[in-house]
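Trainee: Handing you this structure, nothing more for now.
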Amino acid sequence: MIRSVWVVLAGTWLTFYYSGRVVLACWLRRPGVRALCDRVAATWGRKLVGLSGSRVVLHGVDRVDWSRPWVIVANHQSWFDVFAVVGHLPIHARFVAKEELARVPIFGTAWTACGHVAVNRGDRGQAIQSLDAAGKRVQDEALAMVFFPEGTRSDDGRLQRFKKGAFVLAIQTGIPVLPVGISGSRDVMAKGSFRIRRGEIRLRIGEPIPTTGLETEDRDELVHRSREAVLELMEDGDGVGPDTGPAPENTTPEKGRGNA
């Protein structure tokens, strides 16, 4: 419990400190804000993992050309997934996440300024526009756009169904999907728990899945291939959620981006 209180207090301070640096740089109109975003995000992620007494182990990182754009899809078990990815993968990471994060004081301003994408899940039109902008940004700036396509953290660690937004974006931009399996983060901090434990978080990088030549109607097959790849990469993913198919058809329009 002492560790949990310490991580929350110190982590909150670090979050607002690094967010404040970005906000101040924007306010002063300093050049290189995006580069600053990458530096402070990586430092923030590493420090938060370190505060918990945990470590991150990477597998397969050498098989990928990290200088090119990627649509990264990973399972989601813990807030520490975010810290591990942003702190330890050698990428210019931008995340697609729920709109509520953009409303957090100071942090939300920095989040938006750094080019992360906030999606209003209750407004499909706005969500499509947000993901259209994300696709252009990934191409123009050679970014890695990170999705947790389950849409929320898993309650029990089992892999849930994937929403389609990441995969429609990948098809329409021609950017490969890079599956990542995350293991051990739920042992550090599970969904619904405030207890933080020391542990080992393992990121396993899979083989890229090409999207060149695919059409929008191929999205369900791409969802399936990507989900199977993530499941195989999860060391502790020995089960699946009760609904293993892609998101229902009526949640994603025929044209444009789907849900994040």
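We name chains A, B, ... following the order of the structure tokens; residues begin at 1 in each chain, and ligands are numbered from 1 as shown.
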Residues of segment 25-79 of chain A that approach segment 191-210 of chain A to 8 Å or less, counting only C-alpha atoms: could you list each one with the shortest pair of atoms and its distance in Å to one decimal, rows by chain and increasing residue number, as CSV?

Mentor:
residue,atom,partner,partner_atom,distance
A:Ser52,CA,A:Arg198,CA,5.6
A:Gly53,CA,A:Arg198,CA,4.9
A:Ser54,CA,A:Gly199,CA,4.7
A:Arg55,CA,A:Glu200,CA,5.1
A:Val56,CA,A:Ile201,CA,4.8
A:Val57,CA,A:Arg202,CA,4.8
A:Leu58,CA,A:Leu203,CA,5.0
A:His59,CA,A:Arg204,CA,4.7
A:Gly60,CA,A:Ile205,CA,5.0
A:Val61,CA,A:Ile205,CA,6.0
A:Arg63,CA,A:Glu207,CA,7.8
A:Val64,CA,A:Pro208,CA,7.9
A:Gln77,CA,A:Lys191,CA,6.9
A:Ser78,CA,A:Lys191,CA,6.0

Trainee: Output C-alpha atoms for every residue in that selection, as a PDB file, in the first residue's frame.

Mentor:
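Generated file (selection_0.pdb):
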ATOM      1  CA  SER A  52       6.548   1.024  -9.197  1.00  0.00           C
ATOM      2  CA  GLY A  53       9.796  -0.906  -8.865  1.00  0.00           C
ATOM      3  CA  SER A  54       9.039  -2.679 -12.146  1.00  0.00           C
ATOM      4  CA  ARG A  55      11.094  -3.191 -15.268  1.00  0.00           C
ATOM      5  CA  VAL A  56      10.283  -3.529 -18.951  1.00  0.00           C
ATOM      6  CA  VAL A  57      11.682  -6.295 -21.149  1.00  0.00           C
ATOM      7  CA  LEU A  58      11.491  -6.023 -24.965  1.00  0.00           C
ATOM      8  CA  HIS A  59      11.357  -8.967 -27.359  1.00  0.00           C
ATOM      9  CA  GLY A  60      11.609  -8.671 -31.144  1.00  0.00           C
ATOM     10  CA  VAL A  61      12.420  -4.981 -31.206  1.00  0.00           C
ATOM     11  CA  ARG A  63      12.985  -6.912 -36.394  1.00  0.00           C
ATOM     12  CA  VAL A  64      11.288  -3.567 -37.051  1.00  0.00           C
ATOM     13  CA  GLN A  77      -4.557  -4.724 -19.294  1.00  0.00           C
ATOM     14  CA  SER A  78      -3.259  -1.831 -17.221  1.00  0.00           C
TER      15      SER A  78
END

Trainee: If we count only C-alpha atoms and set the cut-off at 8 Å, which residues sit around Ala110 of chain A, ignoring sequence neighbours fewer than 2 positions away in its own chain? Please answer as a list in words.

Mentor: Ser19, Gly20, Val22, Val23, Ile106, Phe107, Gly108, Thr112, Ala113 and Cys114 of chain A

Trainee: Between atom CA of Leu159 of chain A and atom CA of Leu233 of chain A, what is the spacing in Å?

Mentor: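 The value is 11.3 Å.
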
Trainee: In terms of the shortest atom-to-atom distance over only C-alpha atoms, which of A:Leu231, A:Ala166, A:Ile72, A:Val117 is closest to Glu100 of chain A?

Mentor: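 Closest to Glu100 of chain A of all the choices is A:Val117.
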
Trainee: Would you please work out which residue, of A:Glu232, A:Asp187, A:Glu99, A:Asp132, is nearest to Gly157 of chain A when using only C-alpha atoms?

Mentor: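 Using only C-alpha atoms, Gly157 of chain A sits closest to A:Asp187.
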
Trainee: Could you pull out the strand (DSSP E) residues of segment 21-188 of chain A from DSSP and send them as a PyMOL selection string?

Mentor: chain A and resi 55-59+70-74+93-98+117-119+144-147+177-183

Trainee: Quick one: write out the picked residues with C-alpha atoms as a PDB file, in the first residue's frame?

Mentor:
ATOM      1  CA  ARG A  55      11.094  -3.191 -15.268  1.00  0.00           C
ATOM      2  CA  VAL A  56      10.283  -3.529 -18.951  1.00  0.00           C
ATOM      3  CA  VAL A  57      11.682  -6.295 -21.149  1.00  0.00           C
ATOM      4  CA  LEU A  58      11.491  -6.023 -24.965  1.00  0.00           C
ATOM      5  CA  HIS A  59      11.357  -8.967 -27.359  1.00  0.00           C
ATOM      6  CA  TRP A  70       3.268   2.165 -38.142  1.00  0.00           C
ATOM      7  CA  VAL A  71      -0.204   1.463 -36.876  1.00  0.00           C
ATOM      8  CA  ILE A  72       0.581  -0.323 -33.615  1.00  0.00           C
ATOM      9  CA  VAL A  73      -2.133  -2.480 -32.050  1.00  0.00           C
ATOM     10  CA  ALA A  74      -1.696  -3.971 -28.598  1.00  0.00           C
ATOM     11  CA  ALA A  93       4.393   7.539 -30.426  1.00  0.00           C
ATOM     12  CA  ARG A  94       0.987   9.142 -30.696  1.00  0.00           C
ATOM     13  CA  PHE A  95      -1.968   7.517 -28.977  1.00  0.00           C
ATOM     14  CA  VAL A  96      -5.613   7.302 -29.928  1.00  0.00           C
ATOM     15  CA  ALA A  97      -7.729   7.416 -26.782  1.00  0.00           C
ATOM     16  CA  LYS A  98     -11.032   8.541 -25.343  1.00  0.00           C
ATOM     17  CA  VAL A 117      -5.832  11.921 -30.929  1.00  0.00           C
ATOM     18  CA  ALA A 118      -8.904  12.225 -28.720  1.00  0.00           C
ATOM     19  CA  VAL A 119     -11.942  10.333 -30.005  1.00  0.00           C
ATOM     20  CA  ALA A 144       3.690   5.325 -34.840  1.00  0.00           C
ATOM     21  CA  MET A 145      -0.002   5.653 -34.021  1.00  0.00           C
ATOM     22  CA  VAL A 146      -0.763   3.424 -31.037  1.00  0.00           C
ATOM     23  CA  PHE A 147      -4.166   1.808 -30.604  1.00  0.00           C
ATOM     24  CA  VAL A 177      -0.147  -2.986 -38.761  1.00  0.00           C
ATOM     25  CA  LEU A 178       2.395  -3.876 -36.091  1.00  0.00           C
ATOM     26  CA  PRO A 179       1.009  -6.255 -33.437  1.00  0.00           C
ATOM     27  CA  VAL A 180       2.388  -5.987 -29.903  1.00  0.00           C
ATOM     28  CA  GLY A 181       1.618  -8.368 -27.058  1.00  0.00           C
ATOM     29  CA  ILE A 182       1.908  -6.996 -23.522  1.00  0.00           C
ATOM     30  CA  SER A 183       2.311  -9.339 -20.569  1.00  0.00           C
TER      31      SER A 183
END

Trainee: Which residues, written as a list of chain:residue names, have at least one atom at most 9 Å from Ile91 of chain A, with only C-alpha atoms counted and residues fewer than 6 positions away on the same chain left out?

Mentor: A:Asp38, A:Trp66, A:Ser67, A:Val85, A:Leu143, A:Ala144

Trainee: Do a neighbour search on segment 217-224 of chain A at 7 Å with only C-alpha atoms, toss out local chain neighbours closer than 2 positions, and write the hits as a list in words.

Mentor: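 Once the adjacent positions are removed, what remains is Phe162, Lys164, Phe167, Val168, Leu214, Glu215, Ser226, Arg227, Glu228 and Pro246 of chain A.
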
Trainee: Restricting the calculation to only C-alpha atoms: of A:Leu89, A:Leu24, A:Val104, A:Val5, which residue gets closest to Gly45 of chain A?

Mentor: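 Closest to Gly45 of chain A of all the choices is A:Leu89.
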
Trainee: Using the chain letters and numbers from this document, which residues of segment 170-219 of chain A does DSSP assign to helix (DSSP H, G or I), as a ChimeraX atom specification?

Mentor: /A:170-173,185-188,216-219

Trainee: Of the residues A:Ser4, A:Thr216, A:Thr109, A:Thr173, which is the one nearest to Lys136 of chain A, using only C-alpha atoms?

Mentor: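 Distance minimum relative to Lys136 of chain A lands on A:Thr173.
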
Trainee: Between atom CA of Gly125 of chain A and atom CA of Thr152 of chain A, what is the distance, to one decimal in Å?

Mentor: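 Taking atom CA of Gly125 of chain A and atom CA of Thr152 of chain A, their separation equals 20.5 Å.
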
Trainee: Please report the interatomic distance between atom CA of Met1 of chain A and atom CA of Trp13 of chain A in Å with one decimal.

Mentor: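 Separating atom CA of Met1 of chain A from atom CA of Trp13 of chain A is a distance of 18.5 Å.
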
Trainee: Could you check which of A:Thr212, A:Gln139, A:Ser130, A:Ser185 is closest to Gly165 of chain A, using only C-alpha atoms?

Mentor: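 The shortest atom-to-atom distance to Gly165 of chain A comes from A:Ser130.
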
Trainee: Have a look at A:Arg68, A:His92, A:His76, A:Arg161 and name the one nearest to Leu36 of chain A; count only C-alpha atoms.

Mentor: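 Nearest to Leu36 of chain A: A:His92.
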